[in-house]
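The structure under discussion appears below in the form of C-alpha cells.
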Amino acid sequence: EVNVRASTSVTYTYDGDGEVSVSSSNTNVATTSVDRNTKTITINGIIAGTVTITISAAEGTNYLAADDKTIRVTVNRIAGDITLDKTSENVTYGTESVTLRVNSHHGGELSVAQNGTNVDGVTTRITNSTITISGLANLNAGTRVTLRVTSGQTNIYNSASVDYTITIVKAKPTITVSNNVTVNALASTTVTYTYNGDGVVSVESNNTDMVTCSVDTSKKEITINGLTAGNTSIIVSSAEGTNYLPAESKTINITVNRIAGNITLDKTSEEVVYGTTSVELNVTIHHGGELSAKQDGTNVEGINTSISENKVTVSGLGSLTAGTHVTIKVTSGQTNIYHSASADYTVTIVKKKPTITPTSNHATVDALASTTV
C-alpha cells in the first residue's frame with residue numbers, strides 16, 4: 001500500500017543477465033521506476049485506487065526472458081482538511097440568520113447538516129464558500145444549534161469535517177416612556193410605555209408619601225396617583241425573561257401640583273350698630289390650612305382680629321363712626337395638598353336709634369304762663 005502523494009519501495013531478486021523493467025497498469029493512479037543496481041522498485045501514489053505493477057526481465061546473453069511478476073498496489077487517500085472563519089458564536093434572540101465562511105478546504109464538495117440534536121426550522125444554504133444559516137428568529141435563548149460542515153471525499157483526500165455551534169442568547173430590550181409627568185394632588189393620571197421584552201415590567205415610587213403608582217402590563221399603562229405637592233420620580237424597570245435581559249430602567253420625573261383650597265364663612269357681611277365693640281363669625285368649612293384674619297383694602301385703625309378654633313372675633317368697632325366699612329379677609333393657608341383660600345367678611349357701622357326719656361309723663365301750665373320739665 002502507498003498513500004497518495006507518497007512513495008514506497010520494494011526490493012527484488014534476479015539471477016539473470018537481461019534488463020529488468022517495471023510498468024504500471026494505470027499511471028494516473030500510480031507510477032513506478034526501477035533501480036537495477038540496488039534491485040529496488042519505487043512506487044509513487046498519484047490518486048486513490050488500485051493498480052498492478054508488472055516486473056519483467058528481457059532475454060540476455062546467457063539467460064532467457066524471465067516470467068513476469070506482478071505487484072498489486074493499493075493507493076490510499078490522505079486526510080482532508082477544512083477550516084472555518086469561526087467555530088462558535090453567540091447570536092442574539094430574534095436574529096433571523098447568520099453567515100460563516102469556509103476559509104480553506106481540500107476541494108471536496110461542501111455540505112452542511114445539523115449535528116447532534118436536531119433543531120426544527122433551521123435551514124442552511126451554501127453559496128461558493130459562504131454558508132447562510134436561517135430560521136433562528138424563533139429559537140429561545142439557551143438553544144444550541146451545531147452544524148457540521150464537510151468537504152467531501154476526492155480521489156486524493158478523505159472527507160473532512162468541522163463543527164460550528166450557534167448559541168442563542170438573550171436580547172437587551174428597551175423601555176420607552178415620558179420623561180416628565182404632572183399630576184394634581186388627590187388626582188390620578190396615566191402614561192403609556194413601550195416595551196419589547198418578555199420580562200415583567202414594574203414601577204416604583206421614590207416617595208410614596210407624595211406619589212403612588214401601579215402598572216397594567218396588558219395595556220402598557222402606568223397609573224400615577226398624586227398625594228401631596230412636590231417633586232419626585234418613578235422608576236420603570238423590567239425583570240429578566242425567557243428571551244430578554246432586564247431593560248435599562250427609565251425614570252419619570254413627577255411634579256405634583258397643589259389643588260384649589262376652599263373656605264366658607266357663616267356670613268360674608270353684616271351691619272353693626274354704632275357703638276358695638278366686637279362681632280364674631282364662624283369658619284364653617286375649610287381645607288385644613290392654618291387660619292388667619294386681617295383687614296383687606298383700606299385699613300381702619302384700631303381694629304383687631306383673633307381666632308379661636310374656627311371662630312373669628314373682630315374687635316375695636318366701638319369708636320367707629322356710622323358709615324365706616326371694615327373688610328376682613330379670612331384665609332386658610334397653603335398645605336401640602338391645597339393652595340391657600342380666602343373669603344371676605346365686611347362689617348358696616350350703621351347709625352344707632354337713640355331714645356328720649358322725659359322726667360314726667362304729664363305737666364300742668366296756666367294760660368299765659370310757662371313751666372319746665
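Lettering and numbering for the C-alpha cells are positional, with chains as A, B, ... in the shown order, residues counted from 1 in each chain, and ligands counted from 1 in the shown order.
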
Original post:
Any idea what's packed within 12 Å of A:Pro246, counting only C-alpha atoms, ignoring anything in its chain fewer than 3 positions away? Could you give it as an NGL selection string?
Top reply: :A and (170-175 or 195-202 or 236-243 or 249-250)

Subject >> Near-A:Ile43 list (7 Å; only C-alpha atoms; drop same-chain fewer than 6 positions) as a list of chain:residue names >> reply: A:Ser7, A:Thr8, A:Ser9, A:Ala30, A:Thr31, A:Thr32, A:Ser33

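Shortest separation to A:Leu139 among A:Ala160, A:Ile166, A:Leu320, A:Val350 occurs at residue A:Ile166, atoms counted being only C-alpha atoms.
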
**OP:** Take atom CA of A:Asn158 and atom CA of A:Ala48 and report the distance between them in Å, one decimal.
**Re:** 9.7 Å

**OP:** Find the residues near A:Ser97: any atom within 12 Å, counting only C-alpha atoms, skip ones fewer than 2 places away on the same chain, and give them as a PyMOL selection string.
**Re:** chain A and resi 91-95+99-100+121-125+131-139+166+168

Keeping only N, CA and C atoms, write those residues as a PDB file, in the first residue's frame.
```
ATOM      1  N   VAL A  91     -25.570  34.281  19.287  1.00  0.00           N
ATOM      2  CA  VAL A  91     -26.494  35.004  18.402  1.00  0.00           C
ATOM      3  C   VAL A  91     -27.650  35.517  19.251  1.00  0.00           C
ATOM      4  N   THR A  92     -27.914  36.813  19.155  1.00  0.00           N
ATOM      5  CA  THR A  92     -28.957  37.439  19.958  1.00  0.00           C
ATOM      6  C   THR A  92     -30.337  36.951  19.542  1.00  0.00           C
ATOM      7  N   TYR A  93     -31.163  36.674  20.534  1.00  0.00           N
ATOM      8  CA  TYR A  93     -32.543  36.232  20.280  1.00  0.00           C
ATOM      9  C   TYR A  93     -33.226  37.183  19.305  1.00  0.00           C
ATOM     10  N   GLY A  94     -33.946  36.592  18.356  1.00  0.00           N
ATOM     11  CA  GLY A  94     -34.661  37.391  17.356  1.00  0.00           C
ATOM     12  C   GLY A  94     -33.905  37.550  16.059  1.00  0.00           C
ATOM     13  N   THR A  95     -32.590  37.219  16.062  1.00  0.00           N
ATOM     14  CA  THR A  95     -31.806  37.286  14.826  1.00  0.00           C
ATOM     15  C   THR A  95     -32.268  36.170  13.893  1.00  0.00           C
ATOM     16  N   THR A  99     -24.105  34.169   8.929  1.00  0.00           N
ATOM     17  CA  THR A  99     -23.282  33.565   7.889  1.00  0.00           C
ATOM     18  C   THR A  99     -21.914  33.214   8.451  1.00  0.00           C
ATOM     19  N   LEU A 100     -21.280  32.213   7.831  1.00  0.00           N
ATOM     20  CA  LEU A 100     -19.887  31.898   8.126  1.00  0.00           C
ATOM     21  C   LEU A 100     -19.218  31.517   6.819  1.00  0.00           C
ATOM     22  N   GLY A 121     -36.786  23.817  12.054  1.00  0.00           N
ATOM     23  CA  GLY A 121     -36.916  25.143  11.448  1.00  0.00           C
ATOM     24  C   GLY A 121     -35.625  25.758  10.979  1.00  0.00           C
ATOM     25  N   VAL A 122     -34.480  25.169  11.333  1.00  0.00           N
ATOM     26  CA  VAL A 122     -33.194  25.740  10.932  1.00  0.00           C
ATOM     27  C   VAL A 122     -32.835  25.227   9.538  1.00  0.00           C
ATOM     28  N   THR A 123     -32.506  26.148   8.645  1.00  0.00           N
ATOM     29  CA  THR A 123     -32.131  25.787   7.285  1.00  0.00           C
ATOM     30  C   THR A 123     -30.743  26.332   6.965  1.00  0.00           C
ATOM     31  N   THR A 124     -30.093  25.711   5.968  1.00  0.00           N
ATOM     32  CA  THR A 124     -28.750  26.149   5.566  1.00  0.00           C
ATOM     33  C   THR A 124     -28.693  26.271   4.051  1.00  0.00           C
ATOM     34  N   ARG A 125     -27.815  27.170   3.606  1.00  0.00           N
ATOM     35  CA  ARG A 125     -27.590  27.350   2.170  1.00  0.00           C
ATOM     36  C   ARG A 125     -26.118  27.654   1.960  1.00  0.00           C
ATOM     37  N   ILE A 131     -21.681  30.103   3.939  1.00  0.00           N
ATOM     38  CA  ILE A 131     -22.798  29.304   4.428  1.00  0.00           C
ATOM     39  C   ILE A 131     -23.750  30.232   5.174  1.00  0.00           C
ATOM     40  N   THR A 132     -25.025  30.216   4.799  1.00  0.00           N
ATOM     41  CA  THR A 132     -26.049  31.013   5.471  1.00  0.00           C
ATOM     42  C   THR A 132     -26.944  30.082   6.274  1.00  0.00           C
ATOM     43  N   ILE A 133     -27.089  30.410   7.566  1.00  0.00           N
ATOM     44  CA  ILE A 133     -27.950  29.629   8.449  1.00  0.00           C
ATOM     45  C   ILE A 133     -29.157  30.492   8.784  1.00  0.00           C
ATOM     46  N   SER A 134     -30.357  30.012   8.478  1.00  0.00           N
ATOM     47  CA  SER A 134     -31.585  30.789   8.676  1.00  0.00           C
ATOM     48  C   SER A 134     -32.540  30.030   9.596  1.00  0.00           C
ATOM     49  N   GLY A 135     -33.643  30.740   9.943  1.00  0.00           N
ATOM     50  CA  GLY A 135     -34.663  30.126  10.801  1.00  0.00           C
ATOM     51  C   GLY A 135     -34.327  30.200  12.269  1.00  0.00           C
ATOM     52  N   LEU A 136     -33.511  31.193  12.651  1.00  0.00           N
ATOM     53  CA  LEU A 136     -33.074  31.304  14.046  1.00  0.00           C
ATOM     54  C   LEU A 136     -33.985  32.194  14.884  1.00  0.00           C
ATOM     55  N   ALA A 137     -34.808  33.024  14.241  1.00  0.00           N
ATOM     56  CA  ALA A 137     -35.521  34.088  14.961  1.00  0.00           C
ATOM     57  C   ALA A 137     -36.437  33.558  16.054  1.00  0.00           C
ATOM     58  N   ASN A 138     -37.003  32.385  15.860  1.00  0.00           N
ATOM     59  CA  ASN A 138     -37.979  31.876  16.830  1.00  0.00           C
ATOM     60  C   ASN A 138     -37.373  30.924  17.854  1.00  0.00           C
ATOM     61  N   LEU A 139     -36.064  30.791  17.846  1.00  0.00           N
ATOM     62  CA  LEU A 139     -35.424  29.897  18.813  1.00  0.00           C
ATOM     63  C   LEU A 139     -35.258  30.607  20.148  1.00  0.00           C
ATOM     64  N   ILE A 166     -23.919  27.481  17.198  1.00  0.00           N
ATOM     65  CA  ILE A 166     -24.625  28.733  17.492  1.00  0.00           C
ATOM     66  C   ILE A 166     -25.305  28.576  18.852  1.00  0.00           C
ATOM     67  N   ILE A 168     -28.066  30.675  21.129  1.00  0.00           N
ATOM     68  CA  ILE A 168     -28.990  31.812  21.179  1.00  0.00           C
ATOM     69  C   ILE A 168     -28.918  32.422  22.572  1.00  0.00           C
TER      70      ILE A 168
END
```

**OP:** Go through A:Ile156, A:Ala113, A:Val256, A:Cys213 and flag the residue nearest A:Asn180, using only C-alpha atoms for the distances.
**Re:** A:Val256

Subject >> Nearest residue to A:Gly302 from the set A:Ile285, A:Ala341, A:Val326, A:Ile222 (distances using only C-alpha atoms) >> reply: A:Val326

Original post:
Could you work out how far atom CA of A:Ser104 lies from atom CA of A:Thr127, giving the answer in Å with one decimal?
Top reply: 14.5 Å

**OP:** Taking the DSSP assignment computed from this structure's backbone, write out as a ChimeraX atom specification all residues of stretch 187-248 of chain A that belong to strand (DSSP E).
**Re:** /A:188-195,201-205,211-216,221-226,230-238

Original post:
Skipping near chain neighbours, those fewer than 6 positions away, what residues fall within 9 Å of A:Ile126 using only C-alpha atoms, listed as a list in words?
Top reply: Leu110, Ser111, Val112 and Thr132 of chain A

Quick one: everything within 12 Å of stretch 265-281 of chain A, counting only C-alpha atoms, minus sequence neighbours fewer than 4 positions away in the same chain. Send it as a PDB file with N, CA and C atoms, in the first residue's frame.
```pdb
ATOM      1  N   ILE A 285     -66.467  75.806  56.839  1.00  0.00           N
ATOM      2  CA  ILE A 285     -65.728  74.790  56.069  1.00  0.00           C
ATOM      3  C   ILE A 285     -64.402  75.388  55.631  1.00  0.00           C
ATOM      4  N   HIS A 286     -63.319  74.562  55.695  1.00  0.00           N
ATOM      5  CA  HIS A 286     -62.073  74.969  55.033  1.00  0.00           C
ATOM      6  C   HIS A 286     -61.196  73.729  54.856  1.00  0.00           C
ATOM      7  N   LEU A 291     -55.578  79.006  59.863  1.00  0.00           N
ATOM      8  CA  LEU A 291     -56.490  80.125  59.679  1.00  0.00           C
ATOM      9  C   LEU A 291     -55.845  81.425  60.113  1.00  0.00           C
ATOM     10  N   ALA A 293     -56.724  85.999  59.859  1.00  0.00           N
ATOM     11  CA  ALA A 293     -57.695  87.033  59.504  1.00  0.00           C
ATOM     12  C   ALA A 293     -57.020  88.387  59.617  1.00  0.00           C
ATOM     13  N   GLY A 302     -57.356 100.702  64.750  1.00  0.00           N
ATOM     14  CA  GLY A 302     -57.979 100.252  65.987  1.00  0.00           C
ATOM     15  C   GLY A 302     -58.682  98.920  65.896  1.00  0.00           C
ATOM     16  N   ILE A 303     -58.740  98.341  64.702  1.00  0.00           N
ATOM     17  CA  ILE A 303     -59.440  97.062  64.530  1.00  0.00           C
ATOM     18  C   ILE A 303     -58.479  95.917  64.856  1.00  0.00           C
ATOM     19  N   ASN A 304     -58.926  94.970  65.613  1.00  0.00           N
ATOM     20  CA  ASN A 304     -58.151  93.795  65.963  1.00  0.00           C
ATOM     21  C   ASN A 304     -58.943  92.542  65.597  1.00  0.00           C
ATOM     22  N   THR A 305     -58.183  91.471  65.223  1.00  0.00           N
ATOM     23  CA  THR A 305     -58.841  90.184  64.936  1.00  0.00           C
ATOM     24  C   THR A 305     -58.148  89.101  65.734  1.00  0.00           C
ATOM     25  N   SER A 306     -58.928  88.146  66.146  1.00  0.00           N
ATOM     26  CA  SER A 306     -58.371  86.990  66.840  1.00  0.00           C
ATOM     27  C   SER A 306     -59.154  85.752  66.405  1.00  0.00           C
ATOM     28  N   ILE A 307     -58.470  84.599  66.460  1.00  0.00           N
ATOM     29  CA  ILE A 307     -59.094  83.343  66.028  1.00  0.00           C
ATOM     30  C   ILE A 307     -58.936  82.311  67.129  1.00  0.00           C
ATOM     31  N   SER A 308     -60.037  81.682  67.465  1.00  0.00           N
ATOM     32  CA  SER A 308     -60.030  80.565  68.412  1.00  0.00           C
ATOM     33  C   SER A 308     -60.756  79.412  67.754  1.00  0.00           C
ATOM     34  N   GLU A 309     -59.984  78.348  67.453  1.00  0.00           N
ATOM     35  CA  GLU A 309     -60.518  77.231  66.687  1.00  0.00           C
ATOM     36  C   GLU A 309     -61.072  77.773  65.368  1.00  0.00           C
ATOM     37  N   ASN A 310     -62.351  77.656  65.109  1.00  0.00           N
ATOM     38  CA  ASN A 310     -62.891  78.140  63.846  1.00  0.00           C
ATOM     39  C   ASN A 310     -63.693  79.431  64.015  1.00  0.00           C
ATOM     40  N   LYS A 311     -63.505  80.117  65.154  1.00  0.00           N
ATOM     41  CA  LYS A 311     -64.270  81.339  65.424  1.00  0.00           C
ATOM     42  C   LYS A 311     -63.351  82.547  65.285  1.00  0.00           C
ATOM     43  N   VAL A 312     -63.810  83.525  64.482  1.00  0.00           N
ATOM     44  CA  VAL A 312     -63.051  84.762  64.274  1.00  0.00           C
ATOM     45  C   VAL A 312     -63.756  85.888  65.029  1.00  0.00           C
ATOM     46  N   THR A 313     -63.008  86.620  65.862  1.00  0.00           N
ATOM     47  CA  THR A 313     -63.554  87.766  66.607  1.00  0.00           C
ATOM     48  C   THR A 313     -62.934  89.031  66.051  1.00  0.00           C
ATOM     49  N   VAL A 314     -63.813  89.981  65.678  1.00  0.00           N
ATOM     50  CA  VAL A 314     -63.364  91.292  65.193  1.00  0.00           C
ATOM     51  C   VAL A 314     -63.724  92.309  66.264  1.00  0.00           C
ATOM     52  N   SER A 315     -62.739  92.977  66.824  1.00  0.00           N
ATOM     53  CA  SER A 315     -62.990  93.931  67.924  1.00  0.00           C
ATOM     54  C   SER A 315     -62.431  95.302  67.572  1.00  0.00           C
ATOM     55  N   GLY A 316     -62.716  96.284  68.439  1.00  0.00           N
ATOM     56  CA  GLY A 316     -62.275  97.655  68.181  1.00  0.00           C
ATOM     57  C   GLY A 316     -63.249  98.436  67.335  1.00  0.00           C
ATOM     58  N   LEU A 317     -64.515  97.987  67.311  1.00  0.00           N
ATOM     59  CA  LEU A 317     -65.504  98.640  66.468  1.00  0.00           C
ATOM     60  C   LEU A 317     -66.194  99.805  67.167  1.00  0.00           C
ATOM     61  N   GLY A 318     -66.114  99.883  68.480  1.00  0.00           N
ATOM     62  CA  GLY A 318     -66.941 100.798  69.264  1.00  0.00           C
ATOM     63  C   GLY A 318     -66.748 102.266  68.936  1.00  0.00           C
ATOM     64  N   SER A 319     -65.545 102.617  68.493  1.00  0.00           N
ATOM     65  CA  SER A 319     -65.270 104.040  68.251  1.00  0.00           C
ATOM     66  C   SER A 319     -65.458 104.434  66.799  1.00  0.00           C
ATOM     67  N   LEU A 320     -65.884 103.479  65.984  1.00  0.00           N
ATOM     68  CA  LEU A 320     -66.020 103.794  64.570  1.00  0.00           C
ATOM     69  C   LEU A 320     -67.313 104.541  64.308  1.00  0.00           C
ATOM     70  N   THR A 321     -67.243 105.498  63.406  1.00  0.00           N
ATOM     71  CA  THR A 321     -68.435 106.294  63.092  1.00  0.00           C
ATOM     72  C   THR A 321     -69.300 105.549  62.095  1.00  0.00           C
ATOM     73  N   ALA A 322     -70.584 105.908  62.111  1.00  0.00           N
ATOM     74  CA  ALA A 322     -71.522 105.280  61.193  1.00  0.00           C
ATOM     75  C   ALA A 322     -71.078 105.522  59.763  1.00  0.00           C
ATOM     76  N   GLY A 323     -71.251 104.519  58.946  1.00  0.00           N
ATOM     77  CA  GLY A 323     -70.847 104.612  57.546  1.00  0.00           C
ATOM     78  C   GLY A 323     -69.484 103.999  57.281  1.00  0.00           C
ATOM     79  N   THR A 324     -68.770 103.646  58.373  1.00  0.00           N
ATOM     80  CA  THR A 324     -67.455 103.016  58.189  1.00  0.00           C
ATOM     81  C   THR A 324     -67.634 101.562  57.751  1.00  0.00           C
ATOM     82  N   HIS A 325     -66.796 101.165  56.785  1.00  0.00           N
ATOM     83  CA  HIS A 325     -66.792  99.773  56.325  1.00  0.00           C
ATOM     84  C   HIS A 325     -65.450  99.136  56.707  1.00  0.00           C
ATOM     85  N   VAL A 326     -65.522  97.971  57.293  1.00  0.00           N
ATOM     86  CA  VAL A 326     -64.310  97.208  57.631  1.00  0.00           C
ATOM     87  C   VAL A 326     -64.427  95.846  56.936  1.00  0.00           C
ATOM     88  N   THR A 327     -63.441  95.548  56.036  1.00  0.00           N
ATOM     89  CA  THR A 327     -63.427  94.242  55.351  1.00  0.00           C
ATOM     90  C   THR A 327     -62.315  93.379  55.937  1.00  0.00           C
ATOM     91  N   ILE A 328     -62.706  92.202  56.362  1.00  0.00           N
ATOM     92  CA  ILE A 328     -61.754  91.244  56.947  1.00  0.00           C
ATOM     93  C   ILE A 328     -61.592  90.077  55.966  1.00  0.00           C
ATOM     94  N   LYS A 329     -60.331  89.780  55.592  1.00  0.00           N
ATOM     95  CA  LYS A 329     -60.047  88.620  54.738  1.00  0.00           C
ATOM     96  C   LYS A 329     -59.636  87.457  55.634  1.00  0.00           C
ATOM     97  N   VAL A 330     -60.448  86.410  55.607  1.00  0.00           N
ATOM     98  CA  VAL A 330     -60.160  85.209  56.397  1.00  0.00           C
ATOM     99  C   VAL A 330     -59.534  84.180  55.440  1.00  0.00           C
ATOM    100  N   THR A 331     -58.365  83.663  55.819  1.00  0.00           N
ATOM    101  CA  THR A 331     -57.596  82.787  54.931  1.00  0.00           C
ATOM    102  C   THR A 331     -57.304  81.451  55.602  1.00  0.00           C
ATOM    103  N   SER A 332     -57.495  80.372  54.809  1.00  0.00           N
ATOM    104  CA  SER A 332     -56.995  79.045  55.195  1.00  0.00           C
ATOM    105  C   SER A 332     -55.709  78.841  54.411  1.00  0.00           C
ATOM    106  N   ALA A 341     -56.734  79.608  50.471  1.00  0.00           N
ATOM    107  CA  ALA A 341     -58.037  80.093  50.005  1.00  0.00           C
ATOM    108  C   ALA A 341     -58.534  81.145  50.999  1.00  0.00           C
ATOM    109  N   SER A 342     -59.229  82.140  50.469  1.00  0.00           N
ATOM    110  CA  SER A 342     -59.685  83.247  51.326  1.00  0.00           C
ATOM    111  C   SER A 342     -61.149  83.572  51.061  1.00  0.00           C
ATOM    112  N   ALA A 343     -61.780  84.137  52.079  1.00  0.00           N
ATOM    113  CA  ALA A 343     -63.155  84.634  51.951  1.00  0.00           C
ATOM    114  C   ALA A 343     -63.233  85.969  52.687  1.00  0.00           C
ATOM    115  N   ASP A 344     -63.972  86.916  52.138  1.00  0.00           N
ATOM    116  CA  ASP A 344     -64.090  88.254  52.739  1.00  0.00           C
ATOM    117  C   ASP A 344     -65.366  88.374  53.571  1.00  0.00           C
ATOM    118  N   TYR A 345     -65.215  89.119  54.656  1.00  0.00           N
ATOM    119  CA  TYR A 345     -66.349  89.449  55.527  1.00  0.00           C
ATOM    120  C   TYR A 345     -66.308  90.956  55.733  1.00  0.00           C
ATOM    121  N   THR A 346     -67.445  91.613  55.491  1.00  0.00           N
ATOM    122  CA  THR A 346     -67.480  93.076  55.592  1.00  0.00           C
ATOM    123  C   THR A 346     -68.448  93.518  56.684  1.00  0.00           C
ATOM    124  N   VAL A 347     -67.932  94.361  57.593  1.00  0.00           N
ATOM    125  CA  VAL A 347     -68.736  94.974  58.658  1.00  0.00           C
ATOM    126  C   VAL A 347     -69.034  96.424  58.256  1.00  0.00           C
ATOM    127  N   THR A 348     -70.325  96.818  58.350  1.00  0.00           N
ATOM    128  CA  THR A 348     -70.698  98.211  58.083  1.00  0.00           C
ATOM    129  C   THR A 348     -71.296  98.804  59.351  1.00  0.00           C
ATOM    130  N   ILE A 349     -70.731  99.919  59.806  1.00  0.00           N
ATOM    131  CA  ILE A 349     -71.240 100.586  61.008  1.00  0.00           C
ATOM    132  C   ILE A 349     -72.446 101.441  60.601  1.00  0.00           C
ATOM    133  N   VAL A 350     -73.579 101.187  61.240  1.00  0.00           N
ATOM    134  CA  VAL A 350     -74.797 101.933  60.910  1.00  0.00           C
ATOM    135  C   VAL A 350     -75.223 102.775  62.136  1.00  0.00           C
ATOM    136  N   LYS A 351     -76.012 103.795  61.857  1.00  0.00           N
ATOM    137  CA  LYS A 351     -76.437 104.698  62.929  1.00  0.00           C
ATOM    138  C   LYS A 351     -77.309 103.976  63.939  1.00  0.00           C
ATOM    139  N   LYS A 352     -77.126 104.414  65.186  1.00  0.00           N
ATOM    140  CA  LYS A 352     -77.879 103.814  66.279  1.00  0.00           C
ATOM    141  C   LYS A 352     -79.170 104.610  66.501  1.00  0.00           C
ATOM    142  N   LYS A 353     -80.238 103.953  66.855  1.00  0.00           N
ATOM    143  CA  LYS A 353     -81.518 104.602  67.149  1.00  0.00           C
ATOM    144  C   LYS A 353     -81.469 105.121  68.591  1.00  0.00           C
ATOM    145  N   PRO A 354     -81.487 106.478  68.784  1.00  0.00           N
ATOM    146  CA  PRO A 354     -81.411 106.999  70.161  1.00  0.00           C
ATOM    147  C   PRO A 354     -82.804 106.971  70.827  1.00  0.00           C
TER     148      PRO A 354
END
```

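Interatomic distance, atom CA of A:Ile46 against atom CA of A:Asp68: 23.9 Å.
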